[in-house]
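Undergrad: Attaching a single structure in structure tokens format; questions to follow.
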Amino acid sequence: MDKVLKIVASFLILGCGLYYVWIIGDGEPAGTFATWFLFFIAVTVSLTSYKFNKGNDAEEGSLDLSDNIMNLCDVFVVTCIVVAILAKRGWSIFPISTTDKICGSLSALIVVIWFIKRNHFTTNLSSQFILFIAYFPTFSKLWHANTNEESFILWGSIWLAGLFSIAVAMRKNDLLATIYALRAFVMVSVILILMISKIGSQ
């Protein structure tokens with residue numbers, strides 16, 4: 001059962017990632033480079049700190065990163081998106097907004113503290129906070145928009161992936177993996193609610 005859930009979740013996440021890479025290549029807007037780079041830092045720190053935290057407790061050979069399937073796939077997807085944006089836009093990725101600079105500074109601070117303190121669990125939770133903040137530009141955009149311009153298929157797929165990822169993590173009694181997937185699930189749920197609220201708006 002766990003294997004099936006992981007396959008479905010990864011299929012949904014990777015499908016969304018390929019869609020984003022495609023629209024970037026097609027010249028359509030898909031978020032700023034700085035935002036995606038922050039996602040890259042956060043998901044990478046999250047997965048790496050997860051690995052070290054689990055590695056401290058796991059028996060030799062028993063560590064399975066796929067238990068945190070959403071985070072694992074996110075690292076691959078976000079890396080592809082960052083590379084796609086760089087390849088498409090080059091130096092036009094600049095300038096960087098004040099919000100992105102603040103989030104970038106927070107991300108750098110988290111990494112520095114992690115290297116100093118070596119507290120993998122706290123670092124992982126801190127990376128979730130950065131990912132939490134990263135959704136707010138989308139919240140603001142939808143809140144102030146007259147109509148919905150987001151894709152229900154895209155966000156619905158991410159929502160389902162989060163649901164399946166939560167199921168995997170909870171079946172494994174994996175706290176950090178559950179927090180990661182649950183955070184994504186809740187944030188995407190808010191986005192979907194905002195999208196639904198714009199149906200029929202002028």
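To be explicit about the labels: the chains of the structure tokens are called A, B, and onward in the order shown, and within each one the residues are counted from 1, while ligands get numbers from 1 in the order they are shown.
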Residues within 12 Å of Ser189 of chain A, please, as JSON, numbers by chain. Count only C-alpha atoms; anything in the same chain fewer than 2 positions from it doesn't count.

TA: {"A": [135, 139, 152, 155, 156, 157, 158, 159, 160, 161, 162, 163, 182, 183, 184, 185, 186, 187, 191, 192, 193, 194, 195, 196]}

Undergrad: Based on the backbone DSSP call, show me all residues of chain A assigned helix (DSSP H, G or I), as JSON, numbers by chain.

TA: {"A": [2, 3, 4, 5, 6, 7, 8, 9, 10, 11, 12, 13, 14, 15, 16, 17, 18, 19, 20, 21, 22, 23, 24, 25, 33, 34, 35, 36, 37, 38, 39, 40, 41, 42, 43, 44, 45, 46, 47, 48, 49, 50, 51, 52, 53, 54, 55, 56, 57, 65, 66, 67, 68, 69, 70, 71, 72, 73, 74, 75, 76, 77, 78, 79, 80, 81, 82, 83, 84, 85, 86, 87, 88, 89, 90, 91, 92, 93, 98, 99, 100, 101, 102, 103, 104, 105, 106, 107, 108, 109, 110, 111, 112, 113, 114, 115, 116, 117, 120, 121, 122, 123, 124, 125, 126, 127, 128, 129, 130, 131, 132, 133, 134, 136, 137, 138, 139, 140, 141, 142, 143, 144, 152, 153, 154, 155, 156, 157, 158, 159, 160, 161, 162, 163, 164, 165, 166, 167, 168, 169, 170, 171, 175, 176, 177, 178, 179, 180, 181, 182, 183, 184, 185, 186, 187, 188, 189, 190, 191, 192, 193, 194, 195, 196, 197]}

Undergrad: Excluding Tyr50 of chain A and its own-chain neighbours fewer than 3 positions away, which residues fall within 12 Å of it when counting only C-alpha atoms? Please give them as a count of residues only.

TA: 38

Undergrad: Which is closest to Ala167 of chain A among A:Ala108, A:Ala181, A:Ala134, A:Cys80, if we use only C-alpha atoms?

TA: A:Ala181
